[in-house]
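K.L.:
Questions regarding the structure given below will be posed in turn.
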Amino acid sequence: MNLEGRALVIRQDDVDTDVLYPGQFLNVTDVDKMTAHLFEGLDPTLRDELGGDTALVVGSNFGTGSSREHVPQAMAASGIRFVVGKSFARIFYRNCINLGLPAVIAPDAVEAASPGSALELDLDEGTVRVDGRVFAINPVPAFLREMFAAGGLVPWMKRRFTAA
Amino acid sequence: MPNTLAEKILLAHTDVDEVTPGDIVMVRCDVVMTNDISGPMAFRAMEKMGASRVFDPSRVVLVPDHFIPAKDTRSAELQKLLRDWAAEQGVTYYEQGRGGIEHTLLVEEGWVVPGSVIAGGDSHTCTYGALSAFGTGLGSTDIAACLASGTFWQAVPGTIRVEFAGEKRRFVTGKDLILAVIAEIGVAGGTNMALEFVGAGAEALSIDERLAVANMAVEAGSETGFFPADDTVAAYLDGRTSRPWTAETSDPGAEFAQTVRIDLDDLPPLVAMPHSPGNVVPLDQAVGTRIDQVYIGNCSNGTMTDLRQAAEMLRGRQIAAHTRAIVVPATQRIYRQALAEGLLDLFAEAGALVSAPTCGACFGGSNGVLAPGENAITTTNRNFKGRMGSSEAGVHLANAWVAAAAAVAGEIVDPAELGAAA
């Protein structure tokens, strides 16, 4: 599985769900309307840099806090193709995987990336290329690779129900 | 092979015979809970999975609690959807006025027993660890899979053993114990870990205080956090539940990733300063901070214990002229108990606003959000930038004694200096 994207970099650590998508907008359930509130408490101008081919590059413990799935839903709907981080908060990471939005850990790649860098994620090879330089990503367990390949938990479950 | 308590609970809910931290397993839920925010999105995902009925209606609980009472039409629509879906699926539904904040409510109502696995569409589902359950907060798509199949995928966590040694001092509560843990290991220190709370200081805590401790395990990045079950848990559950349970502990010789010791004899009340639950200082370093709003409530500290502590500070006193205080009993049952004890009148007489149970302003939803430049002290669990409204407001997390004392003084003070009211 190969994915390409242009880097949008959020370098600080411990970026929480509330700045990524503030609580007052949690009663929005239409994904296309969620995108208008993404990054609202962090820096709303980041939304202008989402061009439909974004690789989001983030620091440590990204997505800490709430279980709100609005964050990765709005990210995917805004054209974020994959996320490369130093580490992720647990529920945010789960939500990305469940939605079929690959999130991988590669601290050196994060260091190497700058805004606009060309990123290329190769999940089979276990690497991410940053402007041509190759970095290893932390090993992704087979189960999660299967989930990525299926496109997330919805198609993965659908297959189970159909098979049953 | 000796197992940790986390491993033992998971083993009892999977088809595998042994587990090692890092293994990904499918875990069966005893209870699945969702609310007016995570629920509607989960129902939609469940439909897309091709499932029309929940796996077992007797194990599903829906609690509207975030935007209640409905703050606008959109919120009212979500609550209607929740209500209608509950009726259609035949699952348990707690209407507003008969329920309260989901986590406090499920514990009160006997849904939670030691050794059970509870999947909740809210990050503070770890609260159930107060009763030695493996409560885990999940997003809507995960909850959809739980509703449809009764299972979720889970990487087996390692365990950080947190030992509370000694005896806590006056005006120190469960809130301070967990803030001390977060300060010690950091907001990401519990990543891929479960926290197991043990020691004489843990055993001495009431259920209400254990709720406060377990609730904020997620603020250390943990998968969950729990106390081994003991006589306190048995006494609490007596007459409250018909669900079978047994008390388990980690096996002798079980391997822990880390052991953390918190010495309670030396622990002062703590305050988490803006804008992180990990930005913890001893109370005396926060003293003097001017306070615009005090908020006593939420799923960590909206219990009778918290309300009684607040009442000790507010009885016969007046809230400072420039300060406003909002008191939010966590559930209808707590509301009525506080009413019966005269506490709601005591709060109202002091000049506080007493609210119906709701998540309300804790997550910036409604019922007391903050303006730019304002400072709040709250008994809630998160003080991220913008958490309670304006991103230019500052939220300080503290226990109910400290929060209520600040209401009287109009600034953060040591409740020992103010003294309990006569």
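Ordering of the structure tokens sets the chain letters (A, B, ...); residue numbers start at 1 within each chain; ligands are numbered from 1 in the order shown.
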Taking 2 positions as the minimum chain separation for residues in the same chain, which residues sit within 6 Å of range 402-409 of chain B when counting only C-alpha atoms? Answer as a list in words.

P.N.:
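My list of contacting residues is Ala310, Met313, Ile319, Ala320, Ile377, Asn399, Ala400, Glu411, Ile412, Val413 and Pro415 of chain B.
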
K.L.:
Next, dump the selected residues to file, keeping only C-alpha atoms, as a short mmCIF file (atom, residue, chain, number, x, y, z; two decimals), in the first residue's frame.

P.N.:
```
data_model
loop_
_atom_site.label_atom_id
_atom_site.label_comp_id
_atom_site.auth_asym_id
_atom_site.auth_seq_id
_atom_site.Cartn_x
_atom_site.Cartn_y
_atom_site.Cartn_z
CA ALA B 310 -17.85 22.11 49.01
CA MET B 313 -16.44 25.69 52.80
CA ILE B 319 -19.38 33.78 47.34
CA ALA B 320 -17.05 36.68 46.54
CA ILE B 377 -11.13 26.75 39.07
CA ASN B 399 -10.44 19.24 44.48
CA ALA B 400 -13.85 20.40 45.73
CA GLU B 411 -9.03 33.80 44.46
CA ILE B 412 -7.25 30.51 45.00
CA VAL B 413 -6.66 29.98 48.73
CA PRO B 415 -8.89 25.71 52.50
#
```

K.L.:
Using only C-alpha atoms, which residues sit within 9 Å of Val31 in chain A once same-chain residues fewer than 2 positions away are excluded, as a compact mmCIF listing (two decimals) with C-alpha atoms, in the first residue's frame?

P.N.:
```txt
# COMPACT_ATOMS: atom_id res chain seq x y z
CA VAL A 28 -22.17 18.43 14.24
CA THR A 29 -22.62 14.98 12.68
CA LYS A 33 -19.59 20.44 8.03
CA MET A 34 -17.00 19.18 10.54
CA THR A 35 -14.19 20.28 8.23
CA HIS A 70 -14.80 14.28 14.70
CA GLN A 73 -13.24 12.27 10.35
CA ALA A 74 -12.71 15.96 9.60
CA ALA A 77 -12.73 14.67 4.72
```

K.L.:
Kindly determine which residues of chain B lie within 8 Å of chain A, considering only C-alpha atoms, and give the answer as an mmCIF file with C-alpha atoms, in the first residue's frame.

P.N.:
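New file result.cif:
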```cif
data_model
loop_
_atom_site.group_PDB
_atom_site.id
_atom_site.type_symbol
_atom_site.label_atom_id
_atom_site.label_comp_id
_atom_site.auth_asym_id
_atom_site.auth_seq_id
_atom_site.Cartn_x
_atom_site.Cartn_y
_atom_site.Cartn_z
ATOM 1 C CA ILE B 24 -3.853 -7.562 19.641
ATOM 2 C CA ILE B 37 -22.340 12.767 20.982
ATOM 3 C CA SER B 38 -20.746 9.420 20.176
ATOM 4 C CA PRO B 40 -25.583 9.031 16.631
ATOM 5 C CA MET B 41 -22.265 8.675 14.737
ATOM 6 C CA ALA B 45 -21.352 3.407 11.259
ATOM 7 C CA MET B 46 -23.137 0.288 12.555
ATOM 8 C CA LYS B 48 -22.715 0.810 7.218
ATOM 9 C CA MET B 49 -21.238 -2.352 8.743
ATOM 10 C CA GLY B 50 -24.381 -4.132 7.645
ATOM 11 C CA ALA B 51 -25.781 -4.713 11.136
ATOM 12 C CA ARG B 74 -29.187 20.428 16.639
ATOM 13 C CA SER B 75 -28.524 18.983 20.097
ATOM 14 C CA LEU B 78 -29.294 14.183 18.458
ATOM 15 C CA GLY B 121 -18.117 6.092 23.660
ATOM 16 C CA ASP B 122 -16.368 8.573 25.911
ATOM 17 C CA SER B 123 -12.742 8.812 26.962
ATOM 18 C CA GLY B 137 -13.050 4.828 26.083
ATOM 19 C CA LEU B 138 -13.575 4.369 22.349
ATOM 20 C CA GLY B 139 -14.562 6.439 19.329
ATOM 21 C CA SER B 140 -17.823 6.060 17.447
ATOM 22 C CA THR B 141 -16.658 3.494 14.861
ATOM 23 C CA ASP B 142 -15.274 1.261 17.624
ATOM 24 C CA ALA B 145 -18.463 -2.581 16.195
ATOM 25 C CA VAL B 187 0.433 13.138 30.153
ATOM 26 C CA ALA B 188 1.811 10.438 27.845
ATOM 27 C CA THR B 191 0.631 5.181 26.775
ATOM 28 C CA ASN B 192 -0.011 1.475 26.044
ATOM 29 C CA VAL B 218 -6.753 8.711 30.631
ATOM 30 C CA GLU B 219 -5.136 12.075 31.374
ATOM 31 C CA GLY B 221 -2.449 8.602 28.336
ATOM 32 C CA SER B 222 -3.376 5.207 29.830
ATOM 33 C CA GLU B 223 -5.564 2.559 28.264
ATOM 34 C CA PHE B 363 -16.217 20.281 27.705
ATOM 35 C CA GLY B 364 -17.322 23.765 26.616
ATOM 36 C CA GLY B 365 -20.774 22.568 25.620
ATOM 37 C CA SER B 366 -23.158 24.844 27.511
ATOM 38 C CA PHE B 384 -6.828 22.153 27.645
ATOM 39 C CA LYS B 385 -6.792 25.500 25.891
ATOM 40 C CA GLY B 386 -10.386 26.369 25.050
ATOM 41 C CA ARG B 387 -11.759 23.345 26.861
ATOM 42 C CA GLY B 389 -15.117 28.005 26.123
ATOM 43 C CA SER B 391 -9.221 29.670 24.173
#
```

K.L.:
Between CA of Ile326 in chain B and CA of Leu353 in chain B, what is the distance in Å, rounded to a tenth?

P.N.:
4.8 Å

K.L.:
What is the distance between CA of Gly419 in chain B and CA of Thr379 in chain B, in Å to one decimal?

P.N.:
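The value is 19.2 Å.
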
K.L.:
Which of these, A:Ala163, A:Ala109, A:Ala103, A:Ala149, has the shortest distance to Met1 in chain A once you count only C-alpha atoms?

P.N.:
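Under the stated criterion, the closest residue is A:Ala149.
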
K.L.:
Using CA of Glu120 in chain A and CA of Gly151 in chain A as the two end points, give the distance in Å to one decimal.

P.N.:
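According to the coordinates, CA of Glu120 in chain A and CA of Gly151 in chain A are separated by 18.2 Å.
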
K.L.:
Write out as an MDAnalysis selection string all residues of range 53-172 of chain B that DSSP puts in strand (DSSP E or B) for this structure's backbone.

P.N.:
chainID B and resid 60:63 92:93 100 117:120 134:137 151:155 158:165

K.L.:
For Arg145 in chain A, which of A:Asp32, A:Glu4, A:Asp108, A:Asp124 is the closest residue, counting only C-alpha atoms?

P.N.:
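Going through A:Asp32, A:Glu4, A:Asp108, A:Asp124 one by one, the smallest distance to Arg145 in chain A is for A:Asp124.
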